[in-house]
>>> print(open('upload_18.txt').read())   # compact mmCIF, C-alpha atoms
# COMPACT_ATOMS: atom_id res chain seq x y z
CA MET A 1 0.00 0.00 0.00
CA ALA A 2 1.44 3.35 -1.06
CA LYS A 3 2.25 5.85 1.65
CA ALA A 4 0.15 8.99 1.91
CA LEU A 5 2.21 11.87 0.54
CA HIS A 6 2.30 13.81 3.80
CA THR A 7 3.88 10.84 5.61
CA LEU A 8 6.93 10.72 3.33
CA CYS A 9 10.23 11.98 4.69
CA ALA A 10 11.93 14.65 2.59
CA SER A 11 14.36 12.20 0.98
CA GLU A 12 11.54 9.83 -0.03
CA ALA A 13 9.51 12.68 -1.47
CA GLN A 14 12.52 13.97 -3.39
CA GLU A 15 13.11 10.55 -4.96
CA CYS A 16 9.47 10.37 -6.06
CA ILE A 17 9.57 13.88 -7.49
CA LEU A 18 12.75 13.01 -9.40
CA ARG A 19 11.04 9.94 -10.88
CA GLY A 20 8.04 12.03 -11.89
CA ASN A 21 5.62 10.26 -9.54
CA PHE A 22 4.27 13.60 -8.36
CA THR A 23 5.27 17.28 -8.27
CA VAL A 24 6.55 19.52 -5.50
CA GLU A 25 3.19 21.27 -5.68
CA ALA A 26 1.29 18.02 -5.09
CA TYR A 27 3.54 17.12 -2.15
CA THR A 28 3.15 20.59 -0.66
CA GLU A 29 -0.63 20.48 -1.08
CA ALA A 30 -0.70 17.21 0.87
CA LEU A 31 1.28 18.81 3.70
CA LEU A 32 -1.01 21.86 3.72
CA ASP A 33 -4.04 19.56 3.87
CA ARG A 34 -2.48 17.88 6.90
CA VAL A 35 -1.94 21.29 8.53
CA ALA A 36 -5.54 22.26 7.84
CA ALA A 37 -6.79 19.01 9.35
CA ARG A 38 -4.58 18.95 12.44
CA ASP A 39 -3.06 22.28 13.42
CA SER A 40 -6.18 23.57 15.14
CA GLU A 41 -5.30 20.93 17.75
CA VAL A 42 -1.49 20.94 17.59
CA HIS A 43 -0.86 24.70 17.16
CA ALA A 44 2.60 24.22 15.66
CA TRP A 45 2.64 27.20 13.29
CA ALA A 46 3.19 30.89 14.06
CA THR A 47 2.91 32.08 10.45
CA LEU A 48 1.88 30.15 7.35
CA ASP A 49 0.58 31.46 4.00
CA PRO A 50 -0.71 28.55 1.86
CA LEU A 51 -0.96 30.61 -1.34
CA HIS A 52 2.64 31.78 -1.04
CA VAL A 53 3.82 28.27 -0.20
CA LEU A 54 2.11 26.81 -3.28
CA GLU A 55 3.61 29.52 -5.48
CA GLN A 56 7.07 28.54 -4.20
CA ALA A 57 6.27 24.92 -5.04
CA ARG A 58 5.18 25.76 -8.58
CA ARG A 59 8.35 27.81 -9.05
CA LEU A 60 10.44 24.80 -8.03
CA ASP A 61 8.50 22.54 -10.42
CA ARG A 62 9.39 24.87 -13.31
CA ILE A 63 13.14 24.48 -12.74
CA PRO A 64 14.70 22.15 -15.37
CA LYS A 65 15.82 18.84 -13.91
CA ASP A 66 19.48 19.48 -14.64
CA GLN A 67 19.37 22.76 -12.69
CA ARG A 68 17.68 21.52 -9.52
CA GLY A 69 19.52 21.76 -6.22
CA PRO A 70 20.40 18.89 -3.87
CA LEU A 71 17.46 19.79 -1.61
CA HIS A 72 14.91 20.16 -4.41
CA GLY A 73 11.52 19.30 -2.94
CA PHE A 74 12.62 19.46 0.72
CA VAL A 75 9.89 21.30 2.64
CA ILE A 76 11.01 22.97 5.87
CA GLY A 77 9.45 24.74 8.83
CA VAL A 78 11.54 27.51 10.39
CA LYS A 79 11.57 28.29 14.11
CA ASP A 80 10.23 31.79 14.64
CA VAL A 81 13.48 33.24 15.96
CA ILE A 82 15.22 32.67 12.60
CA ASN A 83 14.77 35.40 9.99
CA THR A 84 13.07 34.74 6.66
CA GLU A 85 12.57 37.16 3.80
CA ASP A 86 8.95 36.13 3.16
CA PHE A 87 7.57 35.59 6.68
CA PRO A 88 7.90 37.99 9.64
CA THR A 89 9.96 36.89 12.64
CA LYS A 90 7.92 37.57 15.77
CA HIS A 91 9.93 35.79 18.50
CA ASN A 92 6.62 35.11 20.31
CA SER A 93 6.98 38.63 21.74
CA PRO A 94 4.50 41.53 21.60
CA LEU A 95 7.43 43.78 20.70
CA HIS A 96 7.77 42.09 17.30
CA GLN A 97 4.18 41.25 16.33
CA ASP A 98 4.07 43.97 13.66
CA ASP A 99 7.66 43.72 12.45
CA PRO A 100 8.21 43.66 8.67
CA THR A 101 9.88 40.75 6.95
CA LEU A 102 13.68 40.75 6.85
CA ILE A 103 16.37 39.13 4.74
CA ASP A 104 16.91 35.40 5.19
CA ALA A 105 19.15 34.18 7.97
CA THR A 106 22.31 32.58 6.59
CA SER A 107 20.92 29.11 7.33
CA VAL A 108 17.67 29.79 5.48
CA ALA A 109 19.49 31.39 2.54
CA ILE A 110 21.66 28.27 2.17
CA LEU A 111 18.61 26.01 2.26
CA ARG A 112 16.77 28.05 -0.39
CA ALA A 113 19.83 28.22 -2.63
CA ASN A 114 19.97 24.42 -2.56
CA GLY A 115 16.34 23.97 -3.57
CA ALA A 116 14.42 23.82 -0.29
CA LEU A 117 10.93 25.24 0.12
CA ILE A 118 10.25 27.28 3.27
CA MET A 119 6.74 26.40 4.43
CA GLY A 120 6.37 28.89 7.28
CA LYS A 121 7.39 29.85 10.79
CA THR A 122 6.93 27.42 13.68
CA ARG A 123 6.03 28.45 17.19
CA THR A 124 8.67 29.10 19.82
CA THR A 125 8.72 30.14 23.44
CA GLU A 126 9.30 33.86 24.03
CA TYR A 127 12.65 34.67 22.38
CA ALA A 128 13.44 30.92 22.70
CA VAL A 129 14.21 31.61 26.37
CA VAL A 130 11.32 31.05 28.76
CA ALA A 131 10.15 27.62 29.89
CA VAL A 132 6.50 28.38 29.09
CA THR A 133 5.12 26.65 26.00
CA PRO A 134 3.86 28.83 23.12
CA GLY A 135 0.48 27.08 23.05
CA THR A 136 1.79 24.16 20.99
CA LYS A 137 0.48 20.72 21.98
CA ASN A 138 2.25 17.39 21.91
CA PRO A 139 0.56 15.62 18.95
CA HIS A 140 0.81 12.21 20.64
CA ASP A 141 -1.09 13.43 23.71
CA PRO A 142 -2.30 17.06 23.87
CA SER A 143 -2.26 16.96 27.67
CA ARG A 144 1.53 16.64 27.63
CA SER A 145 4.32 19.11 26.97
CA PRO A 146 5.74 19.46 23.45
CA GLY A 147 9.04 20.58 24.94
CA GLY A 148 10.77 23.77 24.01
CA SER A 149 11.89 26.16 22.97
CA SER A 150 11.69 24.60 19.47
CA SER A 151 8.16 23.46 20.30
CA GLY A 152 6.46 24.08 16.97
CA SER A 153 9.19 22.54 14.81
CA ALA A 154 9.23 19.30 16.81
CA ALA A 155 5.44 19.00 16.95
CA ALA A 156 4.96 19.79 13.25
CA VAL A 157 7.53 17.17 12.21
CA ALA A 158 6.07 14.56 14.57
CA ASP A 159 2.54 15.24 13.33
CA TYR A 160 3.51 14.82 9.64
CA GLN A 161 2.73 18.46 8.89
CA VAL A 162 6.24 19.03 7.54
CA PRO A 163 9.20 16.63 7.17
CA ILE A 164 11.89 18.95 8.57
CA GLY A 165 11.90 21.65 11.24
CA LEU A 166 14.69 24.07 12.08
CA GLY A 167 15.59 24.72 15.70
CA THR A 168 18.08 26.41 17.98
CA GLN A 169 19.53 25.17 21.25
CA THR A 170 20.95 27.08 24.21
CA ILE A 171 20.41 24.32 26.77
CA GLY A 172 18.13 21.59 25.42
CA SER A 173 15.79 23.20 22.91
CA ILE A 174 16.39 20.67 20.13
CA MET A 175 17.09 17.46 22.03
CA ARG A 176 14.29 17.62 24.60
CA PRO A 177 11.38 18.40 22.21
CA SER A 178 12.75 15.78 19.82
CA SER A 179 12.58 13.20 22.59
CA PHE A 180 9.12 14.31 23.78
CA ASN A 181 7.71 14.16 20.23
CA GLY A 182 9.51 11.06 18.96
CA VAL A 183 11.62 12.55 16.15
CA TYR A 184 15.32 12.81 15.33
CA GLY A 185 16.97 15.98 16.56
CA PHE A 186 20.48 17.00 15.48
CA LYS A 187 22.57 19.57 17.32
CA PRO A 188 25.81 19.90 15.32
CA THR A 189 29.15 20.94 16.72
CA TRP A 190 28.88 24.48 18.05
CA ASN A 191 29.53 27.17 15.43
CA SER A 192 29.79 24.69 12.57
CA ILE A 193 26.70 26.35 11.04
CA SER A 194 26.37 30.13 11.07
CA SER A 195 23.90 31.67 13.53
CA GLU A 196 23.76 34.94 11.58
CA GLY A 197 20.17 36.09 11.28
CA GLN A 198 18.75 34.22 14.28
CA LYS A 199 18.10 35.42 17.82
CA VAL A 200 21.12 34.52 19.93
CA THR A 201 20.70 34.15 23.69
CA SER A 202 24.24 33.05 24.51
CA PRO A 203 27.04 33.38 21.93
CA THR A 204 29.03 30.68 23.74
CA LEU A 205 26.19 28.16 23.75
CA ASP A 206 23.60 28.83 21.03
CA THR A 207 23.66 26.23 18.27
CA PHE A 208 21.56 25.91 15.12
CA GLY A 209 20.15 22.49 14.29
CA PHE A 210 17.28 20.58 12.78
CA MET A 211 14.65 17.90 13.37
CA ALA A 212 13.35 15.20 11.05
CA ARG A 213 11.66 11.80 11.07
CA ASP A 214 14.43 10.11 9.09
CA PRO A 215 18.22 10.28 9.52
CA ARG A 216 18.67 10.40 5.74
CA ASP A 217 17.20 13.90 5.80
CA LEU A 218 19.65 14.98 8.49
CA ARG A 219 22.56 13.79 6.38
CA LYS A 220 21.43 15.65 3.26
CA LEU A 221 20.95 18.84 5.26
CA SER A 222 24.40 18.51 6.83
CA ASP A 223 25.95 18.11 3.40
CA VAL A 224 24.64 21.47 2.12
CA PHE A 225 25.88 23.14 5.31
CA GLY A 226 29.36 21.79 4.67
CA LEU A 227 29.70 19.65 7.79
CA LYS A 228 32.87 17.67 7.10
CA ASP A 229 34.97 15.66 9.54
CA ASP A 230 38.75 15.93 9.34
CA GLU A 231 38.80 12.20 8.65
CA ALA A 232 36.17 10.67 6.40
CA PRO A 233 33.80 8.39 8.35
CA ARG A 234 34.58 4.70 8.00
CA LYS A 235 32.51 2.77 5.51
CA GLY A 236 30.61 -0.39 6.27
CA GLU A 237 29.22 -1.78 9.51
CA MET A 238 28.66 0.83 12.22
CA ILE A 239 27.34 -1.49 14.95
CA ALA A 240 28.73 -5.05 14.90
CA GLY A 241 32.31 -5.04 16.14
CA GLN A 242 32.08 -1.39 17.24
CA LYS A 243 32.42 -0.05 20.76
CA PHE A 244 29.75 2.13 22.38
CA ALA A 245 29.52 3.67 25.85
CA ILE A 246 26.51 4.08 28.12
CA LEU A 247 26.96 7.30 30.07
CA ARG A 248 24.74 8.19 32.99
CA PRO A 249 25.48 11.85 33.75
CA PRO A 250 26.11 13.30 37.22
CA MET A 251 22.40 14.14 37.66
CA TRP A 252 21.28 10.59 36.76
CA LYS A 253 19.42 10.17 40.07
CA ASN A 254 16.71 12.41 38.58
CA ALA A 255 16.01 10.09 35.63
CA GLY A 256 12.45 8.80 35.35
CA PRO A 257 11.45 5.22 34.55
CA GLY A 258 11.03 5.81 30.81
CA THR A 259 14.54 7.16 30.43
CA VAL A 260 16.06 4.49 32.70
CA ALA A 261 14.40 1.76 30.61
CA ALA A 262 15.40 3.39 27.31
CA MET A 263 19.06 3.56 28.30
CA GLU A 264 19.09 -0.07 29.43
CA MET A 265 17.30 -1.24 26.30
CA ALA A 266 19.58 0.78 23.99
CA GLY A 267 22.63 -0.90 25.48
CA GLN A 268 21.11 -4.36 25.18
CA ILE A 269 19.99 -3.84 21.58
CA LEU A 270 23.52 -2.80 20.63
CA ARG A 271 25.05 -5.79 22.43
CA ASP A 272 22.61 -8.13 20.68
CA ALA A 273 23.68 -6.59 17.36
CA GLY A 274 27.34 -7.46 18.01
CA ALA A 275 28.64 -4.24 19.57
CA THR A 276 30.71 -3.93 22.70
CA VAL A 277 29.00 -1.63 25.19
CA ASP A 278 30.92 -0.16 28.12
CA GLU A 279 29.33 1.51 31.12
CA ILE A 280 31.31 4.67 31.83
CA ALA A 281 31.29 7.60 34.24
CA LEU A 282 32.84 10.99 33.62
CA PRO A 283 35.83 12.13 35.70
CA SER A 284 35.07 14.17 38.81
CA ASP A 285 35.93 17.46 37.13
CA PHE A 286 32.72 17.11 35.06
CA GLU A 287 30.50 17.03 38.15
CA ASN A 288 29.86 20.78 38.02
CA VAL A 289 29.48 21.04 34.26
CA LEU A 290 25.87 22.24 34.49
CA LYS A 291 26.79 24.95 36.99
CA LEU A 292 29.57 26.13 34.70
CA GLN A 293 27.18 26.22 31.75
CA THR A 294 24.60 28.08 33.82
CA ASP A 295 27.12 30.69 34.97
CA VAL A 296 28.08 31.38 31.35
CA LEU A 297 24.45 31.59 30.25
CA ARG A 298 23.38 33.89 33.10
CA HIS A 299 26.09 36.38 32.20
CA GLU A 300 25.57 36.32 28.45
CA ILE A 301 21.77 36.41 28.54
CA GLN A 302 21.88 39.59 30.60
CA VAL A 303 24.08 41.23 27.95
CA VAL A 304 21.94 40.00 25.03
CA PHE A 305 18.69 41.26 26.58
CA HIS A 306 20.03 44.55 27.96
CA ARG A 307 18.00 46.51 25.41
CA GLU A 308 14.73 44.75 26.22
CA SER A 309 15.34 44.93 29.98
CA THR A 310 16.18 48.64 30.04
CA CYS A 311 14.22 50.12 27.13
CA VAL A 312 11.08 48.01 26.53
CA ARG A 313 10.69 46.08 29.77
CA ASP A 314 6.89 46.36 29.59
CA THR A 315 6.90 44.05 26.54
CA MET A 316 8.58 41.23 28.50
CA SER A 317 6.68 38.52 30.33
CA LYS A 318 7.45 38.05 34.02
CA GLU A 319 9.10 34.74 33.07
CA LEU A 320 11.41 36.49 30.62
CA VAL A 321 12.26 39.19 33.15
CA ALA A 322 13.24 36.49 35.63
CA ALA A 323 15.18 34.45 33.05
CA THR A 324 17.21 37.44 31.87
CA ALA A 325 17.99 38.82 35.32
CA GLY A 326 21.45 37.39 34.72
CA ILE A 327 24.19 37.85 37.27
CA GLU A 328 23.10 41.06 38.97
CA GLY A 329 25.24 41.34 42.06
CA THR A 330 27.54 38.49 40.99
CA PRO A 331 31.17 39.34 40.18
CA ARG A 332 32.20 39.06 36.55
CA ARG A 333 35.10 36.92 37.71
CA THR A 334 32.56 34.14 38.41
CA PHE A 335 31.65 34.19 34.73
CA LEU A 336 35.31 34.19 33.69
CA ARG A 337 36.21 31.27 35.94
CA SER A 338 33.27 29.22 34.68
CA PHE A 339 33.91 30.22 31.05
CA ASP A 340 37.52 29.04 31.29
CA ALA A 341 36.70 25.87 33.24
CA LEU A 342 34.02 24.86 30.74
CA ALA A 343 36.42 25.44 27.85
CA ALA A 344 39.02 23.21 29.54
CA LEU A 345 36.54 20.32 29.73
CA ARG A 346 35.85 20.27 25.98
CA GLY A 347 39.14 18.72 24.95
CA LYS A 348 38.83 16.14 27.74
CA MET A 349 35.38 15.18 26.47
CA ASP A 350 36.73 14.83 22.93
CA GLU A 351 39.37 12.39 24.21
CA ILE A 352 36.82 10.30 26.08
CA ALA A 353 34.50 10.18 23.06
CA SER A 354 37.32 9.21 20.68
CA ASP A 355 37.36 5.70 22.16
CA TYR A 356 33.82 4.97 21.01
CA ALA A 357 31.64 4.86 17.93
CA ALA A 358 29.25 6.94 20.04
CA ILE A 359 28.34 7.65 23.63
CA ILE A 360 24.72 6.90 24.57
CA ALA A 361 23.25 9.45 26.99
CA PRO A 362 19.72 10.37 28.09
CA SER A 363 17.76 12.88 26.00
CA SER A 364 15.23 13.87 28.64
CA VAL A 365 14.43 13.22 32.28
CA ASP A 366 11.49 11.08 31.16
CA VAL A 367 8.57 11.18 28.74
CA ALA A 368 6.86 14.53 28.20
CA PRO A 369 5.26 15.67 31.45
CA VAL A 370 1.52 16.28 31.76
CA THR A 371 1.30 20.08 31.66
CA ASP A 372 -0.33 22.89 29.67
CA THR A 373 2.52 25.31 30.12
CA TRP A 374 5.95 23.85 31.03
CA THR A 375 8.50 22.92 28.37
CA GLY A 376 10.14 20.31 30.62
CA ASP A 377 13.45 19.85 32.41
CA PRO A 378 16.60 20.32 30.23
CA GLN A 379 19.15 19.06 32.79
CA PHE A 380 20.29 16.09 30.66
CA ASN A 381 20.92 18.31 27.60
CA GLY A 382 22.87 21.29 28.84
CA MET A 383 26.23 19.56 29.24
CA TRP A 384 26.45 18.67 25.55
CA THR A 385 25.57 22.24 24.60
CA GLY A 386 28.21 23.60 26.94
CA LEU A 387 30.80 21.08 25.73
CA HIS A 388 30.06 21.99 22.08
CA THR A 389 29.78 18.34 21.01
CA PRO A 390 27.51 17.10 18.22
CA ALA A 391 24.48 15.26 19.59
CA ILE A 392 21.56 13.43 17.98
CA ASN A 393 18.33 12.39 19.67
CA VAL A 394 17.32 8.97 18.36
CA PRO A 395 13.68 7.98 18.98
CA GLY A 396 12.27 4.49 19.30
CA PHE A 397 11.61 3.82 22.98
CA ALA A 398 8.34 3.94 24.89
CA GLY A 399 7.57 5.20 28.36
CA GLU A 400 4.51 6.00 30.43
CA GLY A 401 1.29 6.17 28.40
CA ASP A 402 3.11 4.78 25.36
CA MET A 403 4.76 8.15 24.94
CA PRO A 404 8.07 8.41 23.07
CA VAL A 405 11.39 8.79 24.82
CA GLY A 406 14.72 9.00 23.01
CA VAL A 407 18.39 8.57 23.76
CA THR A 408 21.19 10.88 22.69
CA LEU A 409 24.18 9.85 20.58
CA VAL A 410 27.26 11.97 21.35
CA SER A 411 30.70 12.16 19.79
CA GLY A 412 33.66 14.53 19.94
CA ARG A 413 33.64 17.94 18.33
CA TYR A 414 33.69 18.05 14.53
CA ARG A 415 32.80 14.38 14.19
CA ASP A 416 29.36 15.30 12.86
CA GLU A 417 29.55 13.17 9.71
CA HIS A 418 30.62 10.19 11.76
CA LEU A 419 27.80 10.65 14.26
CA LEU A 420 25.20 10.98 11.51
CA GLN A 421 26.44 7.74 9.99
CA VAL A 422 26.14 6.00 13.36
CA ALA A 423 22.61 7.36 13.79
CA ALA A 424 21.65 6.05 10.35
CA SER A 425 22.66 2.55 11.50
CA VAL A 426 21.43 2.69 15.08
CA GLY A 427 18.15 4.48 14.39
CA PRO A 428 16.36 1.75 12.41
CA LEU A 429 17.47 -0.84 14.99
CA PHE A 430 16.07 1.19 17.89
CA SER A 431 12.87 1.79 15.91
CA GLU A 432 12.46 -1.93 15.24
CA ARG A 433 13.22 -3.17 18.74
CA GLY A 434 12.73 -0.21 21.08
CA GLY A 435 8.99 -0.67 21.53
CA TRP A 436 7.58 2.66 20.30
CA LYS A 437 5.91 3.49 16.98
CA SER A 438 4.07 6.67 16.10
CA LYS A 439 0.34 6.18 15.65
CA LEU A 440 -0.13 9.58 13.99
CA ALA A 441 0.40 8.50 10.37
>>> encode(input="upload_18.txt", output="C-alpha cells")
Amino acid sequence: MAKALHTLCASEAQECILRGNFTVEAYTEALLDRVAARDSEVHAWATLDPLHVLEQARRLDRIPKDQRGPLHGFVIGVKDVINTEDFPTKHNSPLHQDDPTLIDATSVAILRANGALIMGKTRTTEYAVVAVTPGTKNPHDPSRSPGGSSSGSAAAVADYQVPIGLGTQTIGSIMRPSSFNGVYGFKPTWNSISSEGQKVTSPTLDTFGFMARDPRDLRKLSDVFGLKDDEAPRKGEMIAGQKFAILRPPMWKNAGPGTVAAMEMAGQILRDAGATVDEIALPSDFENVLKLQTDVLRHEIQVVFHRESTCVRDTMSKELVAATAGIEGTPRRTFLRSFDALAALRGKMDEIASDYAAIIAPSSVDVAPVTDTWTGDPQFNGMWTGLHTPAINVPGFAGEGDMPVGVTLVSGRYRDEHLLQVAASVGPLFSERGGWKSKLA
C-alpha cells in the first residue's frame, strides 16, 4: 500500500519527485491539507501562508531537472526566531508582532539556494528563552508538553505536517522536544553552522540544528551546510564489532522510569547486534558542568537582553524578566572562571568520546510531562551544549502512556559526519526493537 504523501520523509519525497511520480506542488498540497486538518489541535505554526507556499512549489517545479539543487523538494518549517525574507519573525513577543519581513538568515538562505521550500514559521517560546510553551500541543497526547523552545518545529515534524523543522539550542531546545515528540533531533558541533540572522541568547552556547523523522534527511541537510569531519567516516558496519559507551550523567538520580528503561534497552539492543557496550562515568571534574554552563548563560543572557530589559521592559513577560535577570550582584570573575573551566573540559570530552563509535546518553528526564505550560526539564541536555559536542536524539523507545522517549548519541567535536552515519545505523534498529511506533500516520 502506497504511503500517503504527507507521511513521506523529505528524501523519499525527493526521490518520487525526481522519478516524476508527483510534483513539488502536489507534495506541498498534501502537507497543507495535513496542517488544515490537524493544526487547530497541535498549534505548531506561528505564520503560514498557503498561497505563497504553493507559489514557491510551482516555481520549483518549473526548474529544469538538470538545474535543480540537492534539496529540491525538501519542505522545511523555520523556528520563529530565525529570519526569513517572506515571513515575519515575531519571536513570540509583543514587541515584534508587527515587524516587517527581513532578509533570510544565513541558514535559510543556504537552504533556499539548494532547492528547499520554506513552508512557514513554527512556534517558539518567548525569544526561545522562557520555559512556558507557546500554546503548541504534543501531537501524541495534547495533555503533555511538546518541549521547548523549538516546540512548533518538533510537533509539526512529529505530526507529519512538515518533514523537517529548524531549531536552535541554548540548553536543550532541540534534544528535549525531539525526545518528547519522537523525532530525530540533530545539534551539530557548536559554530559549525552560522547563527547569523537568528536570535542569539548566549554566543558561547547557542547552536543551530534541525529535526526530522528520518536520519537520511539529516545527512542531506548537513551536506549542504558543509559539515565535514577531518577524517572521512569509516565505511561499512557501524554497529557489529564497534564499541559504544553508556553514560549516565552526574544528575542521573533524577532520571524517570522511561529514560532508565530506554538507556538499558539501547545498550542491550547494541550488544545483541554485536557491539561492545561499556558503562562509563565521567571524571570528577565534570560534576559541576551544568553549573559552569549556567554561569556562562546567566552572564551572556543579561548582555543579550540589555536593550529589552532597560528600554522596553513592559513588553517582556514576568518569566522572561526572571530568566534574563542574569548575574546582577555576581562578580564578573565568576563568569570568567566558569567560562575558562568549561572550555578546559571540551578537549577532555573529545578524548573520552574518541574511544567509542558513540556515547549513549539520556535525552530527557522522562517522557513529556503532563502540563499545559511547562516545556520540561533540560538538565540532561545542557552539558552537551556547553561542551560543544555534536548530539543526535534517536527515537524508538516507549515510556509512560506509550509516549516516546529517546536517547542521545554523542561524539567529539567536529565528528558530525561520523555521528550521523552511526545514527543512520542505530536508528532503524532502535525503531524496530525499542517498543515505540508513532500512531499519527
>>> axis_aligned_box(input="upload_18.txt", around="stretch 282-287 of chain A", padding_each_side="4 Å", output="AutoDock Vina command-line options")
--center_x 33.2 --center_y 14.2 --center_z 36.2 --size_x 13.4 --size_y 14.5 --size_z 13.2
>>> atom_distance(input="upload_18.txt", atom1="atom CA of A:Arg58", atom2="atom CA of A:Glu85")
18.4 Å
>>> residues_around(input="upload_18.txt", residues="A:Arg248", least_positions_apart="5", cutoff="8 Å", atoms="all atoms listed in the file", output="PyMOL selection string")
chain A and resi 280-281+361-362
>>> closest_residue(input="upload_18.txt", among="A:Pro428, A:Pro378, A:Gly77, A:Gly434", to="A:Ser149", atoms="all atoms listed in the file")
A:Pro378
>>> residues_around(input="upload_18.txt", residues="A:Ile246", least_positions_apart="4", cutoff="8 Å", atoms="all atoms listed in the file", output="PyMOL selection string")
chain A and resi 263+267+277-280+359-361
>>> write_last_selection(input="upload_18.txt", atoms="C-alpha atoms", output="mmCIF file, keeping the file's coordinate frame")
data_model
loop_
_atom_site.group_PDB
_atom_site.id
_atom_site.type_symbol
_atom_site.label_atom_id
_atom_site.label_comp_id
_atom_site.auth_asym_id
_atom_site.auth_seq_id
_atom_site.Cartn_x
_atom_site.Cartn_y
_atom_site.Cartn_z
ATOM 1 C CA MET A 263 19.060 3.560 28.300
ATOM 2 C CA GLY A 267 22.630 -0.900 25.480
ATOM 3 C CA VAL A 277 29.000 -1.630 25.190
ATOM 4 C CA ASP A 278 30.920 -0.160 28.120
ATOM 5 C CA GLU A 279 29.330 1.510 31.120
ATOM 6 C CA ILE A 280 31.310 4.670 31.830
ATOM 7 C CA ILE A 359 28.340 7.650 23.630
ATOM 8 C CA ILE A 360 24.720 6.900 24.570
ATOM 9 C CA ALA A 361 23.250 9.450 26.990
#
>>> residues_around(input="upload_18.txt", residues="stretch 212-217 of chain A", least_positions_apart="3", cutoff="7 Å", atoms="only C-alpha atoms", output="number ranges by chain")
A: 9-11, 157, 163-165, 183-185, 220-221, 423-424
>>> atom_distance(input="upload_18.txt", atom1="atom CA of A:Gly396", atom2="atom CA of A:Asp272")
16.4 Å
>>> residues_around(input="upload_18.txt", residues="A:Ser317", least_positions_apart="4", cutoff="10 Å", atoms="only C-alpha atoms", output="list in words")
Ser93, Pro94, Glu126, Val130, Arg313, Val321, Ala322 and Ala323 of chain A
>>> residues_near_point(input="upload_18.txt", point="(27.0, 17.8, 3.9)", cutoff="12 Å", atoms="only C-alpha atoms", output="CSV table (one decimal) with C-alpha atoms, keeping the file's coordinate frame")
chain,number,residue,atom,x,y,z
A,70,PRO,CA,20.4,18.9,-3.9
A,71,LEU,CA,17.5,19.8,-1.6
A,110,ILE,CA,21.7,28.3,2.2
A,111,LEU,CA,18.6,26.0,2.3
A,114,ASN,CA,20.0,24.4,-2.6
A,188,PRO,CA,25.8,19.9,15.3
A,192,SER,CA,29.8,24.7,12.6
A,193,ILE,CA,26.7,26.4,11.0
A,216,ARG,CA,18.7,10.4,5.7
A,217,ASP,CA,17.2,13.9,5.8
A,218,LEU,CA,19.6,15.0,8.5
A,219,ARG,CA,22.6,13.8,6.4
A,220,LYS,CA,21.4,15.6,3.3
A,221,LEU,CA,21.0,18.8,5.3
A,222,SER,CA,24.4,18.5,6.8
A,223,ASP,CA,26.0,18.1,3.4
A,224,VAL,CA,24.6,21.5,2.1
A,225,PHE,CA,25.9,23.1,5.3
A,226,GLY,CA,29.4,21.8,4.7
A,227,LEU,CA,29.7,19.6,7.8
A,228,LYS,CA,32.9,17.7,7.1
A,229,ASP,CA,35.0,15.7,9.5
A,232,ALA,CA,36.2,10.7,6.4
A,416,ASP,CA,29.4,15.3,12.9
A,417,GLU,CA,29.6,13.2,9.7
A,418,HIS,CA,30.6,10.2,11.8
A,420,LEU,CA,25.2,11.0,11.5
A,421,GLN,CA,26.4,7.7,10.0
>>> residues_around(input="upload_18.txt", residues="stretch 21-23 of chain A", least_positions_apart="5", cutoff="9 Å", atoms="all atoms listed in the file", output="PDB file with C-alpha atoms, in the coordinates of the input")
ATOM      1  CA  ALA A  13       9.510  12.680  -1.470  1.00  0.00           C
ATOM      2  CA  GLU A  15      13.110  10.550  -4.960  1.00  0.00           C
ATOM      3  CA  CYS A  16       9.470  10.370  -6.060  1.00  0.00           C
ATOM      4  CA  THR A  28       3.150  20.590  -0.660  1.00  0.00           C
ATOM      5  CA  ALA A  57       6.270  24.920  -5.040  1.00  0.00           C
ATOM      6  CA  ARG A  58       5.180  25.760  -8.580  1.00  0.00           C
ATOM      7  CA  ASP A  61       8.500  22.540 -10.420  1.00  0.00           C
ATOM      8  CA  GLY A  73      11.520  19.300  -2.940  1.00  0.00           C
TER       9      GLY A  73
END
>>> atom_distance(input="upload_18.txt", atom1="atom CA of A:Ser284", atom2="atom CA of A:Met251")
12.7 Å
>>> residues_near_point(input="upload_18.txt", point="(20.0, 12.1, 31.4)", cutoff="12 Å", atoms="all atoms listed in the file", output="number ranges by chain")
A: 172, 175-176, 179, 246-263, 360-367, 377-384, 393, 405-409
>>> closest_residue(input="upload_18.txt", among="A:Ala154, A:Val75, A:Leu102, A:Ala113", to="A:Pro88", atoms="all atoms listed in the file")
A:Leu102
>>> closest_residue(input="upload_18.txt", among="A:Trp45, A:Lys65, A:Lys187, A:Lys243", to="A:Pro134", atoms="all atoms listed in the file")
A:Trp45
>>> closest_residue(input="upload_18.txt", among="A:Met403, A:Ala156, A:Val410, A:Leu292", to="A:Met349", atoms="all atoms listed in the file")
A:Val410
>>> closest_residue(input="upload_18.txt", among="A:Ile63, A:Leu342, A:Ala325, A:Leu270", to="A:Lys291", atoms="all atoms listed in the file")
A:Leu342
>>> closest_residue(input="upload_18.txt", among="A:Arg413, A:Arg68, A:Lys137, A:Arg271", to="A:Gly152", atoms="all atoms listed in the file")
A:Lys137
